[in-house]
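Data file: data_12.pdb. Format and content: PDB, C-alpha atoms and all ligand atoms.
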ATOM      1  CA  MET S   1     -24.026   4.132 -16.754
ATOM      2  CA  ASP S   2     -20.410   4.354 -17.870
ATOM      3  CA  LEU S   3     -19.180   0.737 -17.766
ATOM      4  CA  LEU S   4     -15.667   1.667 -18.834
ATOM      5  CA  PHE S   5     -15.451   4.013 -15.853
ATOM      6  CA  ALA S   6     -16.635   1.185 -13.599
ATOM      7  CA  CYS S   7     -14.003  -1.160 -15.122
ATOM      8  CA  LYS S   8     -11.210   1.282 -14.409
ATOM      9  CA  TYR S   9     -12.525   2.062 -10.933
ATOM     10  CA  PRO S  10     -14.318  -1.084  -9.720
ATOM     11  CA  PHE S  11     -14.383   0.186  -6.111
ATOM     12  CA  THR S  12     -16.901   2.936  -6.976
ATOM     13  CA  SER S  13     -20.635   3.036  -6.371
ATOM     14  CA  GLU S  14     -21.071   3.087 -10.153
ATOM     15  CA  ALA S  15     -19.338  -0.315 -10.353
ATOM     16  CA  ARG S  16     -21.507  -1.705  -7.532
ATOM     17  CA  GLN S  17     -24.583  -0.463  -9.348
ATOM     18  CA  ALA S  18     -23.434  -2.196 -12.552
ATOM     19  CA  ILE S  19     -23.079  -5.492 -10.655
ATOM     20  CA  GLU S  20     -26.534  -5.175  -9.089
ATOM     21  CA  GLU S  21     -28.393  -4.019 -12.182
ATOM     22  CA  ASN S  22     -26.886  -6.758 -14.331
ATOM     23  CA  ASN S  23     -27.239  -9.506 -11.716
ATOM     24  CA  ILE S  24     -23.594 -10.471 -12.046
ATOM     25  CA  GLU S  25     -22.826 -13.741 -10.308
ATOM     26  CA  ILE S  26     -19.447 -15.340  -9.781
ATOM     27  CA  SER S  27     -19.079 -17.682 -12.757
ATOM     28  CA  ASP S  28     -15.928 -19.767 -13.338
ATOM     29  CA  PHE S  29     -14.823 -17.150 -15.870
ATOM     30  CA  ILE S  30     -15.145 -14.296 -13.356
ATOM     31  CA  ALA S  31     -13.521 -16.338 -10.592
ATOM     32  CA  GLU S  32     -10.550 -17.152 -12.845
ATOM     33  CA  LYS S  33     -10.205 -13.471 -13.679
ATOM     34  CA  ALA S  34     -10.302 -12.688  -9.950
ATOM     35  CA  VAL S  35      -7.509 -15.190  -9.277
ATOM     36  CA  THR S  36      -5.432 -13.627 -12.079
ATOM     37  CA  ARG S  37      -6.101 -10.209 -10.576
ATOM     38  CA  VAL S  38      -4.711 -11.206  -7.181
ATOM     39  CA  VAL S  39      -1.776 -13.150  -8.639
ATOM     40  CA  SER S  40      -0.812 -10.104 -10.734
ATOM     41  CA  ALA S  41      -0.947  -8.026  -7.559
ATOM     42  CA  LEU S  42       1.408 -10.480  -5.870
ATOM     43  CA  ARG S  43       3.838 -10.107  -8.738
ATOM     44  CA  GLY S  44       3.671  -6.352  -8.345
ATOM     45  CA  GLU S  45       1.940  -5.952 -11.703
ATOM     46  CA  SER S  46      -0.980  -3.609 -12.242
ATOM     47  CA  VAL S  47      -2.752  -5.147 -15.204
ATOM     48  CA  HIS S  48      -4.733  -2.682 -17.275
ATOM     49  CA  ALA S  49      -7.777  -4.138 -18.859
ATOM     50  CA  ASN S  50      -9.704  -2.133 -21.381
ATOM     51  CA  PRO S  51     -12.435  -4.517 -22.491
ATOM     52  CA  MET S  52     -14.581  -3.352 -25.376
ATOM     53  CA  HIS S  53     -17.430  -5.809 -25.138
ATOM     54  CA  ILE S  54     -20.134  -5.245 -22.507
ATOM     55  CA  SER S  55     -19.960  -8.844 -21.212
ATOM     56  CA  ASP S  56     -16.178  -8.533 -20.795
ATOM     57  CA  GLN S  57     -16.600  -5.198 -19.050
ATOM     58  CA  LEU S  58     -19.077  -6.712 -16.589
ATOM     59  CA  ALA S  59     -16.768  -9.688 -15.998
ATOM     60  CA  GLU S  60     -13.905  -7.293 -15.354
ATOM     61  CA  ILE S  61     -15.944  -5.374 -12.774
ATOM     62  CA  GLY S  62     -17.162  -8.635 -11.254
ATOM     63  CA  SER S  63     -13.601  -9.938 -10.928
ATOM     64  CA  TYR S  64     -12.799  -7.137  -8.472
ATOM     65  CA  GLY S  65     -15.718  -8.104  -6.235
ATOM     66  CA  ALA S  66     -14.899 -11.820  -6.584
ATOM     67  CA  ALA S  67     -11.256 -11.164  -5.663
ATOM     68  CA  ARG S  68     -12.388  -9.281  -2.568
ATOM     69  CA  MET S  69     -14.657 -12.148  -1.555
ATOM     70  CA  MET S  70     -11.780 -14.634  -1.909
ATOM     71  CA  LEU S  71      -9.527 -12.377   0.148
ATOM     72  CA  ALA S  72     -12.284 -11.938   2.733
ATOM     73  CA  PHE S  73     -12.549 -15.710   3.005
ATOM     74  CA  LEU S  74      -8.766 -16.268   3.189
ATOM     75  CA  HIS S  75      -8.292 -13.200   5.359
ATOM     76  CA  ASN S  76      -4.575 -13.216   4.694
ATOM     77  CA  LYS S  77      -3.084  -9.829   5.568
ATOM     78  CA  TYR S  78      -0.215 -10.210   3.120
ATOM     79  CA  LEU S  79      -2.555 -10.913   0.190
ATOM     80  CA  ILE S  80      -4.919  -8.106   1.148
ATOM     81  CA  ASN S  81      -2.122  -5.548   1.402
ATOM     82  CA  LYS S  82      -0.588  -6.613  -1.916
ATOM     83  CA  PHE S  83      -4.015  -6.483  -3.562
ATOM     84  CA  ALA S  84      -4.766  -3.014  -2.177
ATOM     85  CA  VAL S  85      -1.425  -1.605  -3.355
ATOM     86  CA  ALA S  86      -1.857  -3.046  -6.873
ATOM     87  CA  GLU S  87      -5.458  -1.845  -7.178
ATOM     88  CA  ALA S  88      -4.434   1.640  -6.036
ATOM     89  CA  LYS S  89      -1.591   1.800  -8.553
ATOM     90  CA  ARG S  90      -3.801   0.523 -11.324
ATOM     91  CA  ALA S  91      -6.444   3.175 -10.587
ATOM     92  CA  SER S  92      -3.841   5.879 -10.197
ATOM     93  CA  SER S  93      -2.324   5.175 -13.578
ATOM     94  CA  ALA S  94      -5.788   5.453 -15.178
ATOM     95  CA  MET S  95      -6.428   8.702 -13.266
ATOM     96  CA  GLY S  96      -3.337  10.225 -14.835
ATOM     97  CA  ARG S  97      -5.060   9.981 -18.238
ATOM     98  CA  GLU S  98      -8.548  10.802 -17.038
ATOM     99  CA  ASN S  99     -10.776  13.664 -18.182
ATOM    100  CA  ALA S 100     -11.773  16.412 -15.742
ATOM    101  CA  GLU S 101     -15.359  15.247 -15.333
ATOM    102  CA  ASN S 102     -14.384  11.688 -14.409
ATOM    103  CA  LEU S 103     -11.693  12.947 -12.069
ATOM    104  CA  ARG S 104     -14.257  15.057 -10.238
ATOM    105  CA  LYS S 105     -16.591  12.067 -10.034
ATOM    106  CA  LEU S 106     -13.803   9.988  -8.518
ATOM    107  CA  GLN S 107     -12.774  12.701  -6.090
ATOM    108  CA  LYS S 108     -16.336  12.864  -4.824
ATOM    109  CA  GLU S 109     -16.329   9.093  -4.399
ATOM    110  CA  LEU S 110     -13.054   9.179  -2.485
ATOM    111  CA  GLY S 111     -13.904  12.220  -0.362
ATOM    112  CA  ILE S 112     -11.123  14.406  -1.742
ATOM    113  CA  PHE S 113     -12.251  17.880  -2.714
ATOM    114  CA  PRO S 114      -9.551  20.125  -4.173
ATOM    115  CA  SER S 115     -10.494  23.791  -4.325
ATOM    116  CA  SER S 116      -8.959  27.139  -5.085
ATOM    117  CA  PHE S 117      -7.601  29.342  -2.297
ATOM    118  CA  GLU S 118      -5.767  32.599  -3.011
ATOM    119  CA  GLY S 119      -5.136  31.425  -6.558
ATOM    120  CA  LYS S 120      -3.629  28.081  -5.510
ATOM    121  CA  THR S 121      -5.045  24.566  -5.656
ATOM    122  CA  VAL S 122      -5.514  23.304  -2.130
ATOM    123  CA  VAL S 123      -7.073  20.466  -0.159
ATOM    124  CA  PRO S 124      -8.349  20.684   3.422
ATOM    125  CA  LEU S 125      -5.674  19.840   5.983
ATOM    126  CA  PRO S 126      -7.551  16.797   7.410
ATOM    127  CA  THR S 127      -7.824  15.323   3.899
ATOM    128  CA  PHE S 128      -4.127  15.878   3.337
ATOM    129  CA  LEU S 129      -3.228  14.291   6.683
ATOM    130  CA  THR S 130      -5.476  11.299   6.050
ATOM    131  CA  PHE S 131      -4.277  10.475   2.550
ATOM    132  CA  SER S 132      -0.752  11.802   2.165
ATOM    133  CA  PRO S 133       1.862   9.083   1.684
ATOM    134  CA  ARG S 134       4.486   8.746   4.382
ATOM    135  CA  ALA S 135       7.225  10.465   2.402
ATOM    136  CA  ILE S 136       9.426  13.422   3.194
ATOM    137  CA  ASP S 137       7.863  15.624   0.500
ATOM    138  CA  TYR S 138       4.483  15.281   2.172
ATOM    139  CA  ARG S 139       5.559  16.236   5.686
ATOM    140  CA  LEU S 140       3.730  19.383   6.757
ATOM    141  CA  ILE S 141       7.009  21.110   7.522
ATOM    142  CA  ASN S 142       7.780  20.968   3.793
ATOM    143  CA  ARG S 143       4.354  22.173   2.703
ATOM    144  CA  ASN S 144       2.589  25.449   2.152
ATOM    145  CA  VAL S 145      -0.209  25.344   4.760
ATOM    146  CA  LYS S 146      -2.580  28.260   5.208
ATOM    147  CA  GLY S 147      -6.060  28.771   6.636
ATOM    148  CA  GLY S 148      -6.564  25.056   7.217
ATOM    149  CA  PHE S 149      -5.629  24.137   3.644
ATOM    150  CA  VAL S 150      -2.532  22.605   2.052
ATOM    151  CA  GLU S 151      -1.351  23.604  -1.394
ATOM    152  CA  VAL S 152      -1.070  20.679  -3.804
ATOM    153  CA  ASN S 153      -0.354  20.220  -7.491
ATOM    154  CA  SER S 154      -2.289  17.954  -9.862
ATOM    155  CA  ARG S 155       0.217  15.089  -9.522
ATOM    156  CA  GLU S 156      -0.086  15.228  -5.750
ATOM    157  CA  ILE S 157      -3.882  15.198  -5.912
ATOM    158  CA  ILE S 158      -3.670  11.938  -7.847
ATOM    159  CA  ARG S 159      -1.218  10.581  -5.268
ATOM    160  CA  LEU S 160      -3.697  11.410  -2.482
ATOM    161  CA  MET S 161      -6.434   9.713  -4.491
ATOM    162  CA  GLU S 162      -4.219   6.646  -4.948
ATOM    163  CA  GLU S 163      -3.793   6.417  -1.194
ATOM    164  CA  ALA S 164      -7.557   6.771  -0.737
ATOM    165  CA  VAL S 165      -8.151   3.882  -3.173
ATOM    166  CA  LYS S 166      -5.651   1.753  -1.252
ATOM    167  CA  THR S 167      -7.438   2.501   2.015
ATOM    168  CA  LYS S 168     -10.754   1.534   0.408
ATOM    169  CA  ALA S 169      -9.378  -1.637  -1.186
ATOM    170  CA  GLU S 170      -7.760  -2.938   1.987
ATOM    171  CA  LYS S 171     -10.956  -2.666   4.022
ATOM    172  CA  ILE S 172     -12.012  -6.289   3.755
ATOM    173  CA  SER S 173     -13.945  -7.910   6.578
ATOM    174  CA  PRO S 174     -13.594 -11.662   7.161
ATOM    175  CA  LEU S 175     -16.111 -13.823   5.316
ATOM    176  CA  LYS S 176     -16.743 -17.176   6.967
ATOM    177  CA  ASP S 177     -19.247 -18.804   4.662
ATOM    178  CA  PRO S 178     -18.714 -17.746   1.025
ATOM    179  CA  PRO S 179     -20.408 -19.296  -2.023
ATOM    180  CA  GLU S 180     -18.864 -22.617  -3.087
ATOM    181  CA  SER S 181     -17.207 -21.099  -6.194
ATOM    182  CA  VAL S 182     -15.407 -18.527  -4.038
ATOM    183  CA  ARG S 183     -14.222 -21.255  -1.667
ATOM    184  CA  LYS S 184     -12.980 -23.398  -4.575
ATOM    185  CA  TYR S 185     -11.092 -20.623  -6.362
ATOM    186  CA  ALA S 186      -9.706 -19.235  -3.115
ATOM    187  CA  ALA S 187      -8.096 -22.643  -2.593
ATOM    188  CA  GLU S 188      -6.693 -22.452  -6.141
ATOM    189  CA  LEU S 189      -5.401 -18.988  -5.402
ATOM    190  CA  MET S 190      -3.541 -20.164  -2.319
ATOM    191  CA  LYS S 191      -1.702 -22.769  -4.431
ATOM    192  CA  LEU S 192      -0.379 -19.978  -6.642
ATOM    193  CA  VAL S 193       0.767 -17.776  -3.788
ATOM    194  CA  PRO S 194       4.549 -17.964  -3.488
ATOM    195  CA  LYS S 195       5.730 -19.277  -0.163
ATOM    196  CA  GLN S 196       6.619 -16.346   2.020
ATOM    197  CA  VAL S 197      10.272 -15.991   2.817
ATOM    198  CA  PRO S 198      10.674 -15.911   6.581
ATOM    199  CA  ILE S 199      12.338 -12.811   7.924
ATOM    200  CA  PRO S 200      15.980 -13.789   8.367
ATOM    201  CA  MET S 201      16.511 -12.896  11.983
ATOM    202  CA  SER S 202      19.351 -13.997  14.119
ATOM    203  CA  PHE S 203      17.983 -11.756  16.869
ATOM    204  CA  ARG S 204      16.558 -13.120  20.071
ATOM    205  CA  GLU S 205      13.868 -11.567  22.204
ATOM    206  CA  GLY S 206      15.089  -8.369  23.770
ATOM    207  CA  ASP S 207      18.052  -7.947  21.406
ATOM    208  CA  ASN S 208      16.559  -4.842  19.784
ATOM    209  CA  PRO S 209      15.054  -1.667  21.228
ATOM    210  CA  PRO S 210      11.257  -1.278  21.098
ATOM    211  CA  CYS S 211      11.343   1.107  18.112
ATOM    212  CA  ILE S 212      13.207  -1.438  15.976
ATOM    213  CA  GLU S 213      11.034  -4.321  17.184
ATOM    214  CA  LYS S 214       8.038  -2.262  16.109
ATOM    215  CA  LEU S 215       9.509  -1.696  12.623
ATOM    216  CA  LEU S 216      10.293  -5.411  12.286
ATOM    217  CA  GLU S 217       6.767  -6.214  13.406
ATOM    218  CA  VAL S 218       5.397  -3.988  10.634
ATOM    219  CA  ALA S 219       7.461  -5.974   8.109
ATOM    220  CA  LYS S 220       6.424  -9.325   9.576
ATOM    221  CA  SER S 221       2.761  -8.406   9.403
ATOM    222  CA  HIS S 222       3.167  -7.231   5.781
ATOM    223  CA  GLN S 223       2.113  -3.664   6.343
ATOM    224  CA  ASN S 224       3.633  -0.745   4.539
ATOM    225  CA  LEU S 225       6.249   1.432   6.157
ATOM    226  CA  GLY S 226       7.026   5.055   5.361
ATOM    227  CA  HIS S 227      10.311   6.264   3.950
ATOM    228  CA  GLN S 228      11.899   7.212   7.281
ATOM    229  CA  GLY S 229      10.930   3.953   8.943
ATOM    230  CA  ARG S 230      12.472   1.933   6.107
ATOM    231  CA  TRP S 231      15.584   4.009   6.098
ATOM    232  CA  ALA S 232      16.028   3.813   9.894
ATOM    233  CA  LEU S 233      15.477   0.051   9.816
ATOM    234  CA  ALA S 234      18.033  -0.430   7.034
ATOM    235  CA  VAL S 235      20.615   1.727   8.803
ATOM    236  CA  TYR S 236      20.060  -0.178  12.051
ATOM    237  CA  LEU S 237      20.361  -3.595  10.401
ATOM    238  CA  ILE S 238      23.476  -2.533   8.469
ATOM    239  CA  ASN S 239      25.043  -1.359  11.717
ATOM    240  CA  LYS S 240      24.132  -4.680  13.299
ATOM    241  CA  GLY S 241      26.147  -6.423  10.597
ATOM    242  CA  MET S 242      23.291  -7.833   8.542
ATOM    243  CA  ALA S 243      24.131  -8.490   4.865
ATOM    244  CA  ASP S 244      22.314  -6.537   2.139
ATOM    245  CA  GLU S 245      20.692  -9.688   0.806
ATOM    246  CA  LYS S 246      19.141 -10.447   4.177
ATOM    247  CA  ILE S 247      17.953  -6.876   4.667
ATOM    248  CA  ASN S 248      16.385  -7.124   1.242
ATOM    249  CA  GLN S 249      14.535 -10.248   2.397
ATOM    250  CA  VAL S 250      13.125  -8.237   5.307
ATOM    251  CA  TYR S 251      12.012  -5.537   2.859
ATOM    252  CA  SER S 252      10.385  -8.115   0.574
ATOM    253  CA  ASN S 253       7.658  -8.437   3.217
ATOM    254  CA  PHE S 254       6.381  -4.921   2.537
ATOM    255  CA  PRO S 255       3.331  -5.037   0.251
ATOM    256  CA  ASP S 256       4.732  -2.368  -2.094
ATOM    257  CA  TYR S 257       8.135  -4.089  -2.314
ATOM    258  CA  ASP S 258      10.060  -3.400  -5.505
ATOM    259  CA  GLU S 259      13.243  -5.453  -5.703
ATOM    260  CA  ARG S 260      15.198  -2.955  -7.787
ATOM    261  CA  ILE S 261      14.308   0.071  -5.645
ATOM    262  CA  SER S 262      14.789  -1.839  -2.419
ATOM    263  CA  LYS S 263      18.267  -3.100  -3.371
ATOM    264  CA  TYR S 264      19.237   0.378  -4.471
ATOM    265  CA  GLN S 265      18.057   1.960  -1.193
ATOM    266  CA  ILE S 266      19.904  -0.576   0.952
ATOM    267  CA  LYS S 267      23.110  -0.243  -1.065
ATOM    268  CA  HIS S 268      22.786   3.529  -0.984
ATOM    269  CA  ALA S 269      22.404   3.521   2.825
ATOM    270  CA  ARG S 270      25.467   1.285   3.159
ATOM    271  CA  ASP S 271      27.650   3.180   0.640
ATOM    272  CA  ARG S 272      26.822   6.511   2.256
ATOM    273  CA  GLY S 273      27.705   5.104   5.686
ATOM    274  CA  TYR S 274      24.660   6.704   7.268
ATOM    275  CA  LYS S 275      24.745   6.881  11.046
ATOM    276  CA  MET S 276      21.851   5.542  13.056
ATOM    277  CA  PRO S 277      19.571   8.471  13.927
ATOM    278  CA  ALA S 278      19.591   9.408  17.615
ATOM    279  CA  CYS S 279      16.502   8.797  19.733
ATOM    280  CA  THR S 280      15.562  12.502  19.499
ATOM    281  CA  MET S 281      15.598  12.208  15.728
ATOM    282  CA  MET S 282      13.631   8.940  15.855
ATOM    283  CA  MET S 283      11.121  10.782  18.015
ATOM    284  CA  SER S 284      10.778  13.586  15.460
ATOM    285  CA  TYR S 285      10.138  10.938  12.767
ATOM    286  CA  GLY S 286       7.373   9.485  14.942
ATOM    287  CA  LEU S 287       9.309   6.210  15.241
ATOM    288  CA  CYS S 288      10.170   6.291  18.959
ATOM    289  CA  VAL S 289       7.770   4.154  20.982
ATOM    290  CA  ALA S 290       9.317   4.081  24.470
ATOM    291  CA  ASP S 291      11.520   6.024  26.826
ATOM    292  CA  CYS S 292      14.630   3.823  26.967
ATOM    293  CA  ARG S 293      17.100   6.605  27.872
ATOM    294  CA  VAL S 294      19.835   5.181  25.656
ATOM    295  CA  GLY S 295      20.314   8.182  23.383
ATOM    296  CA  ASN S 296      20.583   6.043  20.279
ATOM    297  CA  PRO S 297      18.838   2.759  19.389
ATOM    298  CA  LEU S 298      22.236   1.183  18.704
ATOM    299  CA  ARG S 299      23.166   1.660  22.367
ATOM    300  CA  TRP S 300      20.311  -0.520  23.495
ATOM    301  CA  LYS S 301      21.459  -3.371  25.730
ATOM    302  CA  LYS S 302      19.458  -6.503  26.366
ATOM    303  CA  ARG S 303      17.642  -6.180  29.707
TER     304      ARG S 303
HETATM  305  S1  LIG S 401      14.047   5.783  23.238
HETATM  306 FE1  LIG S 401      15.400   5.415  21.543
HETATM  307  S2  LIG S 401      15.761   3.240  21.571
HETATM  308 FE2  LIG S 401      13.966   3.588  22.829
HETATM  309  S3  LIG S 401      12.233   3.339  21.463
HETATM  310 FE3  LIG S 401      12.754   5.495  21.473
HETATM  311  S4  LIG S 401      14.139   5.725  19.745
HETATM  312 FE4  LIG S 401      14.053   3.566  20.203
END

Mind turning the file's structure into structure tokens?
Amino acid sequence: MDLLFACKYPFTSEARQAIEENNIEISDFIAEKAVTRVVSALRGESVHANPMHISDQLAEIGSYGAARMMLAFLHNKYLINKFAVAEAKRASSAMGRENAENLRKLQKELGIFPSSFEGKTVVPLPTFLTFSPRAIDYRLINRNVKGGFVEVNSREIIRLMEEAVKTKAEKISPLKDPPESVRKYAAELMKLVPKQVPIPMSFREGDNPPCIEKLLEVAKSHQNLGHQGRWALAVYLINKGMADEKINQVYSNFPDYDERISKYQIKHARDRGYKMPACTMMMSYGLCVADCRVGNPLRWKKR
């Protein structure tokens, strides 16, 4: 068994096997590592551990499972989303330096099977649709699609794999009765979690059209939002007179929030004076959720 592989990719069956075969239990050491793992995720850091010693490697693998148990017990959506994003980024950065054999092993684990079609590297369309990030470059209209396959390059394959890891990592079912150590360290973890900044809304019920309410709901429930959704939300809030700082606070609720990028995007949208996309455009982005007959979300009137 390749323990280093399991350390880098603790969500794999190889990692689970390592835990079972070595009877890893959640010691204080492993629980503390698990807390550090989640706290790093909250800070947006993807810590790369490369332990040399077998006991450290097993503790590293165990810390992933222990972190998941704590999150299952707390069942806090914000923590789970942050954790999943950080774990996916951490794995993705290791994948970028991975050898071909390990990459193939991982692809099998994640259900992503690149192949060759007419001399190009491709993935099946359903795989692409399931794991492509919600970014303009990945919209099918911008892709070479043929015979049920989508052409991808090696960087994009890793991006699809990253998304697959995120999906795997965020699947955490509630755990009502965990071992005492998990309960104890989960409580410790909660003390370290920064207080969430409430979304600064001066809106009242019915002030915004359904599409915008939906986007705000995504932020409030700490889910990720694709590029177009973020952009449309920023443009709407700018046009509603909200200050950049407050829009940034709304954005800080997204699990993959990056302060520098977020501030840049908001400033960019304001400096460019982007107009709010019309309802037809919102529909083409998949962001329209009702038939309000207003033509543009900014024309929405409280009903
Ligand atoms: S019709 Fe327009 S305002 Fe209404 S949900 Fe769709 S995009 Fe928003």

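Taken over the whole file, the PyMOL selection byres (((not hetatm)) within 9 of (chain S and resi 401)) covers exactly Asn208, Pro209, Pro210, Cys211, Ile212, Glu213, Lys214, Pro277, Ala278, Cys279, Thr280, Met281, Met282, Met283, Leu287, Cys288, Val289, Ala290, Asp291, Cys292, Arg293, Val294, Gly295, Asn296, Pro297, Leu298, Arg299 and Trp300 of chain S.
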
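The environment of Pro10 in chain S within 7 Å, counting only C-alpha atoms and disregarding residues fewer than 5 places along the same chain, consists of Ala15, Ile61 and Tyr64 of chain S.
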
Residue nearest Ala164 in chain S among S:Val182, S:Ala91, S:Ala135, S:Ile26 (counting only C-alpha atoms): S:Ala91

Name the residues captured by the PyMOL selection byres (((chain S and resi 233) around 12) and not hetatm) when it is applied to the shown file; answer as a ChimeraX atom specification. /S:208-209,211-219,225-232,234-240,242,247-248,250-251,265-266,269,274-277,282,287,297-298

Result set, the PyMOL selection byres (((chain S and resi 76-89) around 10) and not hetatm) on current file, as a PyMOL selection string: chain S and resi 8-11+37-47+64+67-68+70-75+90-95+159+161-172+174+190+193+196+220-224+253-257

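Relative to CA of Glu245 in chain S, CA of Tyr264 in chain S is found at 11.5 Å.
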